[in-house]
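Read through the structure below, which is laid out as C-alpha cells, and then see the notes.
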Amino acid sequence: MTQIILAAQAAQGGGGMTSFLIMMVAIFAIMYFFMIKPQQKRQKEIQNFQNSLTEGMQVFTSGGIYGTVKKIDLANGMIDVKIADGVIVKVDKGCVFKDNTSTPAQK
C-alpha cells in the first residue's frame with residue numbers, strides 16, 4: 001500500500017517539474033524578445049552608421065564631443081573630427097555616433 005502512495009506522489013512531483021521547465025522557457029523567451037533582440041538591433045544600426053560615415057557628417061563621440069567628420073582612415077579605423085575652428089581630434093571609429101540633434105524633429 002505504501003508503494004502505491006509513494007508512486008502516486010512521485011507522479012505528481014513530475015508534473016510540477018514539467019510546468020517549472022515550461023515557465024523557465026517562457027521567461028527566457030520573453031527576455032530574449034524584449035531585451036536581447038532590441039539591443040542587437042540597436043547595435044546593428046550603430047555598426048551600419050559607423051560603416052557608412054562620410055566626410056562632412058555631423059557626429060558625436062562617446063566622450064560627448066560634437067563635431068564634423070573631416071577625414072576617415074579605414075586602414076587604422078580612425079576618424080578626424082573637427083570640433084572647433086582649427087581643432088581636429090583623432091577618434092576611433094567605434095566611438096563615433098550619429099548626431100540626432102542636428103536634424104529637425106519630426107512629428
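Following the order of the C-alpha cells, first chain is A, next is B, and so on, with residues numbered from 1 inside each chain and ligands from 1 in the order they appear.
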
> Leaving out stretch 46-49 of chain A and any residue of its chain fewer than 6 positions from it, which residues lie within 12 Å of it when counting only C-alpha atoms, given as a PyMOL selection string?
Replying inline: chain A and resi 39-40+57-59+93-99

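Residues lying within 10 Å of A:Lys70, counting only C-alpha atoms and ignoring same-chain neighbours fewer than 3 positions away, are Thr54, Glu55, Gly56, Met57, Gln58, Gly67, Ile79, Asp80, Val81, Lys82, Ile83, Ile88, Val89 and Lys90 of chain A.
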
With all heavy atoms retained, export the selected residues as a short mmCIF file (atom, residue, chain, number, x, y, z; two decimals), in the first residue's frame.
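After the write, result27.cif holds the following:
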```
data_model
loop_
_atom_site.label_atom_id
_atom_site.label_comp_id
_atom_site.auth_asym_id
_atom_site.auth_seq_id
_atom_site.Cartn_x
_atom_site.Cartn_y
_atom_site.Cartn_z
N THR A 54 30.79 59.41 -43.83
CA THR A 54 31.39 60.17 -44.93
C THR A 54 31.86 61.51 -44.38
O THR A 54 31.43 61.95 -43.32
CB THR A 54 30.37 60.42 -46.07
OG1 THR A 54 29.25 61.13 -45.53
CG2 THR A 54 29.90 59.13 -46.69
N GLU A 55 32.75 62.14 -45.11
CA GLU A 55 33.27 63.44 -44.69
C GLU A 55 32.14 64.46 -44.69
O GLU A 55 31.30 64.47 -45.58
CB GLU A 55 34.41 63.87 -45.60
CG GLU A 55 35.62 62.98 -45.47
CD GLU A 55 36.76 63.40 -46.39
OE1 GLU A 55 36.67 64.48 -47.01
OE2 GLU A 55 37.73 62.64 -46.47
N GLY A 56 32.12 65.31 -43.67
CA GLY A 56 31.11 66.34 -43.55
C GLY A 56 29.91 65.96 -42.69
O GLY A 56 29.07 66.80 -42.41
N MET A 57 29.83 64.71 -42.24
CA MET A 57 28.71 64.28 -41.40
C MET A 57 28.86 64.84 -40.00
O MET A 57 29.96 64.95 -39.47
CB MET A 57 28.65 62.75 -41.32
CG MET A 57 28.21 62.08 -42.59
SD MET A 57 28.13 60.29 -42.42
CE MET A 57 26.50 60.14 -41.72
N GLN A 58 27.72 65.18 -39.40
CA GLN A 58 27.69 65.64 -38.01
C GLN A 58 27.65 64.40 -37.11
O GLN A 58 26.79 63.54 -37.29
CB GLN A 58 26.46 66.51 -37.75
CG GLN A 58 26.42 67.78 -38.57
CD GLN A 58 27.49 68.76 -38.12
OE1 GLN A 58 27.75 68.91 -36.94
NE2 GLN A 58 28.11 69.42 -39.08
N GLY A 67 30.95 67.17 -33.32
CA GLY A 67 31.82 67.70 -34.34
C GLY A 67 31.43 67.22 -35.72
O GLY A 67 30.38 66.61 -35.93
N ILE A 79 39.18 58.32 -37.22
CA ILE A 79 38.44 59.39 -37.88
C ILE A 79 38.92 60.72 -37.32
O ILE A 79 39.08 60.86 -36.10
CB ILE A 79 36.93 59.23 -37.64
CG1 ILE A 79 36.44 57.93 -38.24
CG2 ILE A 79 36.16 60.40 -38.21
CD1 ILE A 79 35.04 57.57 -37.87
N ASP A 80 39.16 61.68 -38.21
CA ASP A 80 39.48 63.03 -37.77
C ASP A 80 38.17 63.81 -37.65
O ASP A 80 37.40 63.87 -38.61
CB ASP A 80 40.41 63.74 -38.76
CG ASP A 80 41.81 63.16 -38.74
OD1 ASP A 80 42.14 62.41 -37.81
OD2 ASP A 80 42.60 63.48 -39.67
N VAL A 81 37.91 64.36 -36.47
CA VAL A 81 36.67 65.09 -36.21
C VAL A 81 37.02 66.53 -35.87
O VAL A 81 37.83 66.79 -34.96
CB VAL A 81 35.88 64.45 -35.04
CG1 VAL A 81 34.62 65.24 -34.75
CG2 VAL A 81 35.54 63.01 -35.37
N LYS A 82 36.42 67.46 -36.60
CA LYS A 82 36.62 68.89 -36.33
C LYS A 82 35.61 69.30 -35.27
O LYS A 82 34.40 69.20 -35.47
CB LYS A 82 36.42 69.71 -37.60
CG LYS A 82 36.58 71.19 -37.38
CD LYS A 82 36.35 71.95 -38.67
CE LYS A 82 36.42 73.45 -38.41
NZ LYS A 82 36.10 74.21 -39.61
N ILE A 83 36.13 69.78 -34.12
CA ILE A 83 35.24 70.17 -33.03
C ILE A 83 35.15 71.67 -32.86
O ILE A 83 34.24 72.17 -32.19
CB ILE A 83 35.64 69.49 -31.70
CG1 ILE A 83 37.08 69.84 -31.32
CG2 ILE A 83 35.46 68.00 -31.81
CD1 ILE A 83 37.49 69.31 -29.96
N ILE A 88 41.13 69.78 -34.56
CA ILE A 88 40.75 68.49 -35.12
C ILE A 88 41.30 67.40 -34.20
O ILE A 88 42.48 67.43 -33.84
CB ILE A 88 41.27 68.31 -36.55
CG1 ILE A 88 40.63 69.36 -37.46
CG2 ILE A 88 40.98 66.91 -37.06
CD1 ILE A 88 41.14 69.35 -38.88
N VAL A 89 40.45 66.46 -33.80
CA VAL A 89 40.87 65.36 -32.93
C VAL A 89 40.72 64.04 -33.68
O VAL A 89 39.85 63.88 -34.52
CB VAL A 89 40.05 65.33 -31.62
CG1 VAL A 89 40.33 66.54 -30.77
CG2 VAL A 89 38.58 65.20 -31.89
N LYS A 90 41.63 63.11 -33.36
CA LYS A 90 41.54 61.75 -33.91
C LYS A 90 40.71 60.91 -32.96
O LYS A 90 40.94 60.92 -31.75
CB LYS A 90 42.93 61.14 -34.05
CG LYS A 90 43.65 61.51 -35.30
CD LYS A 90 44.81 60.56 -35.48
CE LYS A 90 45.55 60.81 -36.74
NZ LYS A 90 44.78 60.63 -37.94
#
```

>> Going by DSSP on the backbone, which residues of chain A come out as alpha helix (DSSP H)? List them as an MDAnalysis selection string.
In response: chainID A and resid 2:31 37:51

> Could you pull out all residues of chain A with a DSSP call of strand (DSSP E) and give them as a PyMOL selection string?
Replying inline: chain A and resi 58-61+66-73+78-84+87-92+96-98

Take the residues that were just selected and, keeping N, CA, C and O atoms, output them as a CSV table (one decimal), in the first residue's frame.
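Heads up, here's the output in result02.csv:
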```csv
chain,number,residue,atom,x,y,z
A,58,GLN,N,27.7,65.2,-39.4
A,58,GLN,CA,27.7,65.6,-38.0
A,58,GLN,C,27.6,64.4,-37.1
A,58,GLN,O,26.8,63.5,-37.3
A,59,VAL,N,28.6,64.3,-36.1
A,59,VAL,CA,28.7,63.2,-35.3
A,59,VAL,C,28.9,63.6,-33.8
A,59,VAL,O,29.2,64.8,-33.6
A,60,PHE,N,28.8,62.7,-32.9
A,60,PHE,CA,29.3,63.0,-31.5
A,60,PHE,C,30.0,61.7,-31.1
A,60,PHE,O,29.8,60.6,-31.5
A,61,THR,N,31.0,62.0,-30.2
A,61,THR,CA,31.8,60.9,-29.7
A,61,THR,C,31.3,60.3,-28.4
A,61,THR,O,30.4,60.9,-27.8
A,66,TYR,N,30.8,66.9,-29.8
A,66,TYR,CA,30.1,67.1,-31.1
A,66,TYR,C,31.0,67.6,-32.1
A,66,TYR,O,31.8,68.5,-31.7
A,67,GLY,N,30.9,67.2,-33.3
A,67,GLY,CA,31.8,67.7,-34.3
A,67,GLY,C,31.4,67.2,-35.7
A,67,GLY,O,30.4,66.6,-35.9
A,68,THR,N,32.3,67.5,-36.7
A,68,THR,CA,32.1,67.2,-38.1
A,68,THR,C,33.2,66.3,-38.6
A,68,THR,O,34.4,66.6,-38.3
A,69,VAL,N,32.9,65.2,-39.3
A,69,VAL,CA,33.9,64.3,-39.8
A,69,VAL,C,34.7,65.1,-40.9
A,69,VAL,O,34.2,65.6,-41.8
A,70,LYS,N,36.1,65.1,-40.8
A,70,LYS,CA,36.9,65.7,-41.7
A,70,LYS,C,37.7,64.7,-42.6
A,70,LYS,O,37.9,64.9,-43.8
A,71,LYS,N,38.1,63.6,-42.0
A,71,LYS,CA,38.9,62.6,-42.7
A,71,LYS,C,38.6,61.2,-42.1
A,71,LYS,O,38.5,61.1,-40.9
A,72,ILE,N,38.6,60.2,-42.9
A,72,ILE,CA,38.3,58.9,-42.5
A,72,ILE,C,39.5,58.0,-42.9
A,72,ILE,O,39.9,57.9,-44.1
A,73,ASP,N,40.1,57.3,-41.9
A,73,ASP,CA,41.3,56.4,-42.2
A,73,ASP,C,40.8,55.0,-41.9
A,73,ASP,O,40.8,54.5,-40.8
A,78,MET,N,40.5,55.0,-37.7
A,78,MET,CA,40.5,56.3,-37.1
A,78,MET,C,39.7,57.3,-37.9
A,78,MET,O,39.7,57.2,-39.1
A,79,ILE,N,39.2,58.3,-37.2
A,79,ILE,CA,38.4,59.4,-37.9
A,79,ILE,C,38.9,60.7,-37.3
A,79,ILE,O,39.1,60.9,-36.1
A,80,ASP,N,39.2,61.7,-38.2
A,80,ASP,CA,39.5,63.0,-37.8
A,80,ASP,C,38.2,63.8,-37.7
A,80,ASP,O,37.4,63.9,-38.6
A,81,VAL,N,37.9,64.4,-36.5
A,81,VAL,CA,36.7,65.1,-36.2
A,81,VAL,C,37.0,66.5,-35.9
A,81,VAL,O,37.8,66.8,-35.0
A,82,LYS,N,36.4,67.5,-36.6
A,82,LYS,CA,36.6,68.9,-36.3
A,82,LYS,C,35.6,69.3,-35.3
A,82,LYS,O,34.4,69.2,-35.5
A,83,ILE,N,36.1,69.8,-34.1
A,83,ILE,CA,35.2,70.2,-33.0
A,83,ILE,C,35.1,71.7,-32.9
A,83,ILE,O,34.2,72.2,-32.2
A,84,ALA,N,36.1,72.4,-33.4
A,84,ALA,CA,36.1,73.9,-33.4
A,84,ALA,C,37.0,74.3,-34.6
A,84,ALA,O,37.7,73.5,-35.2
A,87,VAL,N,40.6,73.1,-34.7
A,87,VAL,CA,40.8,72.0,-33.7
A,87,VAL,C,40.2,70.7,-34.3
A,87,VAL,O,39.0,70.6,-34.4
A,88,ILE,N,41.1,69.8,-34.6
A,88,ILE,CA,40.7,68.5,-35.1
A,88,ILE,C,41.3,67.4,-34.2
A,88,ILE,O,42.5,67.4,-33.8
A,89,VAL,N,40.4,66.5,-33.8
A,89,VAL,CA,40.9,65.4,-32.9
A,89,VAL,C,40.7,64.0,-33.7
A,89,VAL,O,39.9,63.9,-34.5
A,90,LYS,N,41.6,63.1,-33.4
A,90,LYS,CA,41.5,61.8,-33.9
A,90,LYS,C,40.7,60.9,-33.0
A,90,LYS,O,40.9,60.9,-31.8
A,91,VAL,N,39.7,60.2,-33.5
A,91,VAL,CA,38.8,59.4,-32.7
A,91,VAL,C,38.7,58.0,-33.3
A,91,VAL,O,38.7,57.9,-34.6
A,92,ASP,N,38.6,57.0,-32.5
A,92,ASP,CA,38.4,55.6,-33.0
A,92,ASP,C,37.0,55.6,-33.7
A,92,ASP,O,36.1,56.2,-33.2
A,96,VAL,N,32.2,56.8,-32.4
A,96,VAL,CA,31.5,57.9,-33.1
A,96,VAL,C,30.1,57.4,-33.3
A,96,VAL,O,29.8,56.3,-33.8
A,97,PHE,N,29.1,58.3,-33.0
A,97,PHE,CA,27.7,58.0,-33.2
A,97,PHE,C,27.0,59.1,-33.9
A,97,PHE,O,27.5,60.2,-34.0
A,98,LYS,N,25.8,58.8,-34.4
A,98,LYS,CA,25.0,59.8,-35.2
A,98,LYS,C,24.6,60.9,-34.3
A,98,LYS,O,24.1,60.7,-33.2
```
